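**Student:** Just one file: entry.txt, with compact mmCIF, C-alpha atoms.
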```txt
# COMPACT_ATOMS: atom_id res chain seq x y z
CA MET J 675 -38.02 -241.36 -68.58
CA ARG J 676 -35.39 -238.69 -69.25
CA ALA J 677 -31.81 -239.93 -69.61
CA VAL J 678 -28.47 -238.69 -70.91
CA GLN J 679 -27.11 -240.50 -73.96
CA TYR J 680 -24.73 -239.96 -76.86
CA GLU J 681 -24.78 -241.58 -80.29
CA SER J 682 -21.19 -240.89 -81.35
CA TYR J 683 -17.81 -240.10 -79.82
CA GLY J 684 -17.03 -236.42 -79.60
CA GLU J 685 -17.02 -233.23 -77.57
CA PRO J 686 -19.43 -232.70 -74.65
CA ASP J 687 -22.02 -231.32 -77.08
CA VAL J 688 -22.76 -234.87 -78.29
CA LEU J 689 -24.53 -235.47 -74.96
CA GLN J 690 -28.31 -235.33 -75.32
CA ILE J 691 -31.33 -235.66 -73.03
CA VAL J 692 -33.56 -238.34 -74.54
CA ASP J 693 -36.83 -240.01 -73.58
CA ILE J 694 -36.43 -243.77 -73.22
CA ALA J 695 -38.27 -246.61 -71.49
CA ALA J 696 -37.46 -246.94 -67.79
CA PRO J 697 -35.35 -250.00 -66.90
CA HIS J 698 -36.51 -252.71 -64.49
CA ALA J 699 -34.64 -254.57 -61.78
CA GLY J 700 -33.56 -258.08 -62.68
CA ALA J 701 -32.68 -260.87 -60.29
CA GLY J 702 -30.26 -259.65 -57.62
CA GLN J 703 -30.77 -256.01 -58.62
CA ILE J 704 -32.75 -252.99 -57.44
CA ARG J 705 -34.08 -249.94 -59.22
CA ILE J 706 -33.94 -246.43 -57.79
CA ALA J 707 -35.54 -243.13 -58.53
CA VAL J 708 -32.28 -241.25 -59.03
CA ARG J 709 -31.67 -238.13 -56.96
CA ALA J 710 -27.95 -237.64 -57.71
CA ALA J 711 -25.26 -239.24 -59.85
CA GLY J 712 -21.49 -238.87 -59.69
CA VAL J 713 -19.33 -237.51 -62.50
CA ASN J 714 -16.03 -239.36 -63.02
CA PRO J 715 -13.09 -238.82 -65.41
CA LEU J 716 -13.88 -242.13 -67.11
CA ASP J 717 -17.19 -240.64 -68.27
CA TRP J 718 -15.61 -237.99 -70.49
CA LYS J 719 -12.71 -240.23 -71.51
CA LEU J 720 -15.18 -242.76 -72.90
CA ARG J 721 -17.39 -240.10 -74.51
CA SER J 722 -14.44 -238.38 -76.22
CA GLY J 723 -13.19 -241.65 -77.72
CA LEU J 724 -9.92 -241.43 -75.82
CA TYR J 725 -10.36 -245.04 -74.67
CA ARG J 726 -12.06 -246.39 -77.80
CA ASP J 727 -9.21 -248.87 -78.47
CA PHE J 728 -8.79 -249.80 -74.81
CA MET J 729 -12.43 -249.84 -73.68
CA PRO J 730 -14.75 -249.84 -76.70
CA ILE J 731 -18.41 -249.13 -75.95
CA ASP J 732 -21.67 -249.83 -77.73
CA LEU J 733 -23.37 -246.73 -79.11
CA PRO J 734 -25.71 -245.12 -78.31
CA SER J 735 -24.42 -245.11 -74.76
CA GLY J 736 -25.72 -243.81 -71.47
CA VAL J 737 -23.55 -241.91 -68.99
CA GLY J 738 -22.42 -242.53 -65.45
CA ALA J 739 -21.73 -245.57 -63.30
CA GLU J 740 -22.91 -244.48 -59.84
CA ALA J 741 -26.07 -243.01 -58.39
CA ALA J 742 -28.04 -242.44 -55.22
CA GLY J 743 -31.78 -242.34 -54.75
CA ILE J 744 -34.88 -244.03 -53.40
CA VAL J 745 -35.59 -247.71 -54.06
CA ASP J 746 -38.77 -248.16 -56.10
CA GLU J 747 -38.33 -251.70 -57.40
CA VAL J 748 -36.67 -254.80 -55.91
CA GLY J 749 -35.57 -257.75 -58.04
CA ASP J 750 -35.92 -261.44 -57.24
CA GLY J 751 -33.55 -262.75 -54.58
CA VAL J 752 -32.91 -259.37 -52.94
CA SER J 753 -33.65 -259.34 -49.22
CA ASN J 754 -31.54 -256.58 -47.65
CA VAL J 755 -33.45 -253.59 -49.00
CA ALA J 756 -37.05 -252.47 -49.41
CA VAL J 757 -39.00 -250.02 -51.53
CA GLY J 758 -38.59 -246.55 -50.03
CA ASP J 759 -35.06 -247.10 -48.71
CA ARG J 760 -32.39 -244.48 -49.42
CA VAL J 761 -29.41 -246.17 -51.10
CA PHE J 762 -26.38 -245.47 -53.28
CA GLY J 763 -24.41 -247.79 -55.50
CA LEU J 764 -23.09 -248.88 -58.87
CA THR J 765 -25.33 -248.96 -61.92
CA VAL J 766 -25.81 -251.40 -64.77
CA ARG J 767 -23.21 -250.38 -67.35
CA ARG J 768 -23.37 -246.59 -67.93
CA THR J 769 -26.92 -245.60 -66.99
CA ALA J 770 -26.69 -243.37 -63.90
CA MET J 771 -27.59 -240.03 -65.53
CA ALA J 772 -31.30 -240.73 -65.77
CA GLU J 773 -34.52 -240.48 -63.77
CA HIS J 774 -34.35 -244.20 -62.92
CA ALA J 775 -31.35 -246.51 -62.70
CA VAL J 776 -30.77 -250.17 -61.88
CA LEU J 777 -28.09 -250.89 -59.28
CA THR J 778 -26.02 -254.05 -59.17
CA SER J 779 -24.26 -253.22 -55.87
CA TRP J 780 -25.48 -250.86 -53.17
CA ALA J 781 -25.41 -249.74 -49.56
CA HIS J 782 -27.84 -247.78 -47.43
CA ILE J 783 -27.22 -244.05 -47.16
CA PRO J 784 -26.20 -243.19 -43.57
CA ASP J 785 -28.32 -240.78 -41.57
CA GLY J 786 -27.21 -237.22 -42.20
CA MET J 787 -25.65 -237.91 -45.61
CA SER J 788 -27.15 -235.95 -48.51
CA PHE J 789 -28.13 -237.51 -51.82
CA GLU J 790 -25.42 -235.36 -53.46
CA VAL J 791 -22.65 -236.85 -51.32
CA ALA J 792 -24.07 -240.36 -51.66
CA GLY J 793 -24.37 -239.95 -55.43
CA GLY J 794 -20.64 -239.38 -55.71
CA LEU J 795 -19.55 -242.00 -53.19
CA ALA J 796 -19.74 -245.43 -54.82
CA ILE J 797 -16.96 -245.17 -57.42
CA VAL J 798 -14.46 -243.47 -55.11
CA SER J 799 -15.20 -245.95 -52.30
CA GLU J 800 -14.70 -249.01 -54.47
CA THR J 801 -11.72 -247.62 -56.36
CA ALA J 802 -9.86 -246.36 -53.30
CA THR J 803 -10.26 -249.64 -51.44
CA ARG J 804 -9.31 -251.73 -54.47
CA ILE J 805 -6.15 -249.86 -55.42
CA LEU J 806 -4.87 -249.64 -51.85
CA ASP J 807 -5.27 -253.41 -51.64
CA LEU J 808 -3.53 -253.92 -55.00
CA VAL J 809 -0.40 -252.06 -53.84
CA ALA J 810 -0.70 -253.73 -50.41
CA SER J 811 -0.47 -250.50 -48.40
CA LYS J 812 -0.43 -251.18 -44.69
CA ALA J 813 0.01 -249.37 -41.40
CA GLY J 814 3.34 -247.63 -40.93
CA GLU J 815 4.16 -247.47 -44.64
CA THR J 816 4.42 -244.34 -46.78
CA LEU J 817 2.32 -243.91 -49.90
CA VAL J 818 2.62 -241.28 -52.65
CA VAL J 819 -0.63 -240.31 -54.38
CA VAL J 820 -0.51 -238.24 -57.59
CA GLY J 821 -3.85 -236.55 -58.15
CA ALA J 822 -4.65 -236.63 -54.45
CA SER J 823 -7.19 -233.79 -54.38
CA GLY J 824 -9.76 -235.24 -56.77
CA GLY J 825 -12.68 -237.48 -55.88
CA VAL J 826 -10.77 -240.76 -55.91
CA GLY J 827 -7.68 -239.11 -54.44
CA SER J 828 -9.65 -237.66 -51.54
CA ALA J 829 -11.06 -241.11 -50.78
CA VAL J 830 -7.65 -242.79 -51.09
CA VAL J 831 -6.08 -240.36 -48.63
CA GLN J 832 -8.82 -240.87 -46.04
CA VAL J 833 -9.03 -244.66 -46.31
CA ALA J 834 -5.23 -244.91 -46.26
CA ARG J 835 -4.96 -242.68 -43.19
CA HIS J 836 -7.60 -244.80 -41.44
CA ARG J 837 -5.37 -247.82 -42.15
CA GLY J 838 -2.41 -246.05 -40.55
CA VAL J 839 -0.62 -245.32 -43.84
CA ASN J 840 1.41 -242.11 -44.18
CA VAL J 841 0.35 -240.25 -47.34
CA ILE J 842 2.21 -237.74 -49.51
CA GLY J 843 -0.28 -236.17 -51.91
CA ALA J 844 0.70 -234.43 -55.14
CA ALA J 845 -1.67 -231.71 -56.31
CA SER J 846 -1.65 -228.08 -57.41
CA GLU J 847 -0.52 -225.71 -54.70
CA ALA J 848 -4.04 -224.27 -54.36
CA LYS J 849 -5.23 -227.68 -53.11
CA HIS J 850 -2.55 -228.14 -50.43
CA ASP J 851 -4.61 -226.85 -47.51
CA TYR J 852 -7.38 -229.23 -48.54
CA LEU J 853 -4.93 -232.18 -48.54
CA ARG J 854 -3.63 -231.21 -45.11
CA LYS J 855 -7.19 -231.32 -43.78
CA LEU J 856 -7.51 -234.86 -45.12
CA GLY J 857 -4.30 -235.88 -43.35
CA ALA J 858 -1.84 -235.92 -46.26
CA VAL J 859 1.49 -234.16 -46.59
CA PRO J 860 1.19 -232.11 -49.81
CA THR J 861 3.65 -231.55 -52.60
CA THR J 862 3.38 -230.24 -56.15
CA TYR J 863 3.22 -231.88 -59.56
CA GLY J 864 5.83 -231.56 -62.25
CA PRO J 865 9.56 -232.00 -62.78
CA GLY J 866 11.60 -232.75 -59.68
CA LEU J 867 8.92 -234.84 -57.98
CA PRO J 868 11.36 -237.57 -56.83
CA ALA J 869 13.61 -234.99 -55.17
CA ARG J 870 10.69 -233.28 -53.45
CA VAL J 871 9.38 -236.60 -52.16
CA ARG J 872 12.82 -237.59 -50.84
CA GLU J 873 12.88 -234.40 -48.79
CA LEU J 874 9.47 -235.19 -47.34
CA ALA J 875 10.16 -238.91 -46.79
CA PRO J 876 13.92 -239.45 -46.29
CA GLN J 877 13.13 -242.89 -44.88
CA GLY J 878 11.76 -243.92 -48.29
CA VAL J 879 8.41 -244.60 -49.92
CA ASP J 880 6.75 -248.00 -50.05
CA ALA J 881 4.08 -247.58 -52.75
CA ALA J 882 2.64 -245.03 -55.17
CA LEU J 883 -0.64 -244.40 -56.98
CA ASP J 884 -1.13 -242.40 -60.18
CA LEU J 885 -4.70 -241.13 -60.36
CA ALA J 886 -4.07 -238.40 -62.92
CA GLY J 887 -2.44 -240.10 -65.90
CA ALA J 888 0.13 -237.34 -66.18
CA GLY J 889 3.04 -239.48 -67.39
CA VAL J 890 4.56 -239.84 -63.92
CA ILE J 891 4.99 -243.62 -63.80
CA PRO J 892 8.80 -243.53 -64.35
CA ASP J 893 9.14 -240.95 -61.54
CA LEU J 894 6.99 -243.05 -59.22
CA ILE J 895 9.02 -246.17 -59.93
CA GLU J 896 12.17 -244.20 -59.13
CA ILE J 897 10.59 -243.04 -55.88
CA VAL J 898 9.37 -246.47 -54.77
CA GLY J 899 12.10 -248.67 -56.26
CA ASP J 900 9.67 -251.52 -56.96
CA PRO J 901 7.41 -251.19 -60.03
CA ALA J 902 5.11 -253.89 -58.66
CA ARG J 903 4.01 -251.45 -55.94
CA VAL J 904 3.24 -248.64 -58.40
CA LEU J 905 -0.25 -248.51 -59.88
CA SER J 906 -2.22 -246.24 -62.18
CA ILE J 907 -5.93 -245.95 -62.83
CA ALA J 908 -5.39 -243.43 -65.63
CA ASP J 909 -2.27 -244.38 -67.61
CA ILE J 910 -2.88 -247.47 -69.76
CA ASP J 911 0.84 -247.57 -70.62
CA ALA J 912 1.86 -248.19 -67.00
CA PRO J 913 2.53 -251.93 -67.61
CA LYS J 914 5.18 -251.00 -70.19
CA HIS J 915 7.24 -249.79 -67.24
CA GLY J 916 6.41 -252.80 -65.07
CA ALA J 917 3.77 -250.99 -63.03
CA GLN J 918 0.16 -252.05 -62.54
CA VAL J 919 -2.95 -250.61 -64.17
CA THR J 920 -6.51 -251.31 -63.11
CA THR J 921 -9.91 -250.28 -64.46
CA SER J 922 -12.22 -253.14 -63.46
CA GLN J 923 -14.17 -253.36 -60.23
CA ASP J 924 -13.85 -255.92 -57.46
CA ASP J 925 -16.15 -258.94 -57.55
CA HIS J 926 -17.89 -257.73 -54.38
CA PRO J 927 -17.79 -253.92 -54.41
CA GLU J 928 -20.58 -253.66 -51.85
CA ILE J 929 -18.02 -254.56 -49.16
CA ALA J 930 -16.11 -251.35 -49.93
CA LEU J 931 -19.34 -249.33 -50.07
CA ARG J 932 -20.40 -250.50 -46.62
CA HIS J 933 -16.90 -249.95 -45.20
CA VAL J 934 -16.79 -246.33 -46.30
CA THR J 935 -20.29 -245.64 -44.97
CA GLU J 936 -19.10 -247.01 -41.62
CA LEU J 937 -16.14 -244.62 -41.72
CA TYR J 938 -18.51 -241.78 -42.58
CA PHE J 939 -20.75 -242.66 -39.63
CA LYS J 940 -17.69 -242.60 -37.35
CA GLY J 941 -16.65 -239.19 -38.67
CA ALA J 942 -13.52 -240.69 -40.28
CA PHE J 943 -14.54 -240.03 -43.90
CA ASP J 944 -16.11 -237.21 -45.85
CA LEU J 945 -16.58 -236.43 -49.51
CA ALA J 946 -16.20 -232.82 -50.56
CA ILE J 947 -18.64 -231.86 -53.30
CA GLU J 948 -17.01 -229.25 -55.49
CA GLN J 949 -20.02 -228.46 -57.65
CA VAL J 950 -23.53 -229.74 -58.33
CA PHE J 951 -24.97 -229.53 -61.84
CA SER J 952 -28.47 -230.26 -63.11
CA LEU J 953 -29.22 -233.09 -65.53
CA ASP J 954 -29.51 -230.54 -68.33
CA GLN J 955 -25.98 -229.32 -67.51
CA VAL J 956 -24.24 -232.68 -67.80
CA ALA J 957 -22.03 -231.40 -70.66
CA ASP J 958 -20.79 -228.59 -68.42
CA ALA J 959 -20.20 -231.11 -65.63
CA GLN J 960 -17.99 -233.20 -67.89
CA ARG J 961 -16.10 -230.12 -69.07
CA ARG J 962 -15.40 -229.25 -65.46
CA SER J 963 -14.25 -232.81 -64.73
CA ALA J 964 -11.90 -232.73 -67.72
CA SER J 965 -10.36 -229.42 -66.60
CA GLY J 966 -8.12 -231.21 -64.09
CA ARG J 967 -8.77 -228.54 -61.48
CA VAL J 968 -11.28 -230.41 -59.36
CA ALA J 969 -11.03 -230.67 -55.56
CA GLY J 970 -13.49 -233.29 -54.39
CA LYS J 971 -16.38 -234.61 -56.46
CA ILE J 972 -18.67 -233.27 -59.17
CA VAL J 973 -22.29 -234.42 -58.98
CA VAL J 974 -25.35 -234.18 -61.19
CA ALA J 975 -28.64 -233.71 -59.33
CA VAL J 976 -31.74 -235.35 -60.81
CA PRO J 977 -35.13 -233.80 -59.91
```
Written as structure tokens, that's how I'd like the structure from this file.
**Tutor:**
Amino acid sequence: MRAVQYESYGEPDVLQIVDIAAPHAGAGQIRIAVRAAGVNPLDWKLRSGLYRDFMPIDLPSGVGAEAAGIVDEVGDGVSNVAVGDRVFGLTVRRTAMAEHAVLTSWAHIPDGMSFEVAGGLAIVSETATRILDLVASKAGETLVVVGASGGVGSAVVQVARHRGVNVIGAASEAKHDYLRKLGAVPTTYGPGLPARVRELAPQGVDAALDLAGAGVIPDLIEIVGDPARVLSIADIDAPKHGAQVTTSQDDHPEIALRHVTELYFKGAFDLAIEQVFSLDQVADAQRRSASGRVAGKIVVAVP
């Protein structure tokens, strides 16, 4: 089968389309014929070597941790899915950008949802649910989200609003109308963030999430007042300030996947797809992801 791999750290040009043996579903797993796979910032951060000391990987490496497609193989012990079902989920290690992928956690694609949306849904669903739980955001509280217009940010805003949390989202001014549509109160990045937030939330802020890794942890701690309720998924130095950092998934991510599909079915959740690339354009997809100007999710379609 065709798959994206790279043999060394480097620029996007190290990504290659190679022919490798198709994987098979093990016990408790399923295999899908991939139709779409999500592009996430972690993909290019791993490929570039930015995280080589923090998250070393074995080379050659595949690319991508989430995919959607049609089940074509069911492993032993799996009873909630059948060959031919449309599903999305999380892949074994980094193997999503390929014609076939093995999923370790999955959910059925709701009626009316495209493969492109489903292909970009698993990571944002799991991450948004996990980090909101880690900062214990609950109804009536106010949450600041830095990087609110990206894929994870969009999911965080919608899940938080469904929980009854008030959200202030920091993003470039061009993304403010988009954030308003999601239910967030927008503000801009950069110096003076604490003062701008105080104007928007004079009653105070209860928790904050850094999704961009832009060195804002000290500002967020100043805004919240409690470093334990400040968390980053992008700044590995956050614990030096007393804040949390998280990169690992929950033990049962399928719970989050099913929850978000339920919200989608109710019309309470949507995932904006900013751009769809082909498998041969995966380098361009990662360049776009690394640009920091993304509103919604980038997806790679697999024929």
**Student:** Quick one: everything within 6 Å of stretch 961-974 of chain J, counting all atoms listed in the file, minus sequence neighbours fewer than 2 positions away in the same chain. Send it as a PDB file with C-alpha atoms, keeping the file's coordinate frame.
**Tutor:**
```
ATOM      1  CA  ALA J 710     -27.950-237.640 -57.710  1.00  0.00           C
ATOM      2  CA  ALA J 711     -25.260-239.240 -59.850  1.00  0.00           C
ATOM      3  CA  GLY J 712     -21.490-238.870 -59.690  1.00  0.00           C
ATOM      4  CA  VAL J 713     -19.330-237.510 -62.500  1.00  0.00           C
ATOM      5  CA  SER J 823      -7.190-233.790 -54.380  1.00  0.00           C
ATOM      6  CA  GLY J 824      -9.760-235.240 -56.770  1.00  0.00           C
ATOM      7  CA  GLY J 825     -12.680-237.480 -55.880  1.00  0.00           C
ATOM      8  CA  ALA J 946     -16.200-232.820 -50.560  1.00  0.00           C
ATOM      9  CA  ILE J 947     -18.640-231.860 -53.300  1.00  0.00           C
ATOM     10  CA  GLU J 948     -17.010-229.250 -55.490  1.00  0.00           C
ATOM     11  CA  GLN J 949     -20.020-228.460 -57.650  1.00  0.00           C
ATOM     12  CA  VAL J 950     -23.530-229.740 -58.330  1.00  0.00           C
ATOM     13  CA  PHE J 951     -24.970-229.530 -61.840  1.00  0.00           C
ATOM     14  CA  SER J 952     -28.470-230.260 -63.110  1.00  0.00           C
ATOM     15  CA  LEU J 953     -29.220-233.090 -65.530  1.00  0.00           C
ATOM     16  CA  ASP J 958     -20.790-228.590 -68.420  1.00  0.00           C
ATOM     17  CA  ALA J 959     -20.200-231.110 -65.630  1.00  0.00           C
TER      18      ALA J 959
END
```
**Student:** Of the candidates J:Ser906, J:Ser799, J:Ser779, J:Gln679, which one gets nearest to J:Asn754 if we count all atoms listed in the file?
**Tutor:**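 The shortest atom-to-atom distance to J:Asn754 comes from J:Ser779.
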**Student:** With distances taken over all atoms listed in the file, which residue among J:Ala756, J:Ala881, J:Ala888, J:Val766 lies nearest J:Ser811?
**Tutor:**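 Distance minimum relative to J:Ser811 lands on J:Ala881.
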**Student:** Just checking: using all atoms listed in the file, which residue out of J:Met729, J:Ala741, J:Val898, J:Val820 ends up closest to J:Gly793?
**Tutor:**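 Comparing J:Met729, J:Ala741, J:Val898, J:Val820 against J:Gly793, the winner is J:Ala741.
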**Student:** Which polymer residues, protein or nucleic acid, are no farther than 6 Å from (-19.5, -235.2, -68.2), counting all atoms listed in the file, as a list in words?
**Tutor:**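 Within the cut-off we find Asp717, Trp718, Val956, Ala957, Ala959 and Gln960 of chain J.
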**Student:** Any idea what's packed within 9 Å of J:Val692, counting only C-alpha atoms, ignoring anything in its chain fewer than 6 positions away? Could you give it as a list in words?
**Tutor:**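 The neighbour list is Met675, Arg676, Ala677, Val678 and Gln679 of chain J.
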**Student:** Please determine, counting all atoms listed in the file, which residue among J:Glu773, J:Glu896, J:Asp807, J:Asp759 has the shortest atom-to-atom distance to J:Gly878.
**Tutor:**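 Smallest separation from J:Gly878 among the options: J:Glu896.
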**Student:** Measure the distance from atom CA of J:Glu847 to atom CA of J:Pro860 in Å and round it to one decimal.
**Tutor:** 8.2 Å
**Student:** Separation of atom CA of J:Ile907 and atom CA of J:Leu724, in Å?
**Tutor:** 14.3 Å
**Student:** Tell me, in Å to one decimal, how far atom CA of J:Pro927 is from atom CA of J:Leu894.
**Tutor:**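 That distance, rounded to one decimal, is 27.5 Å.
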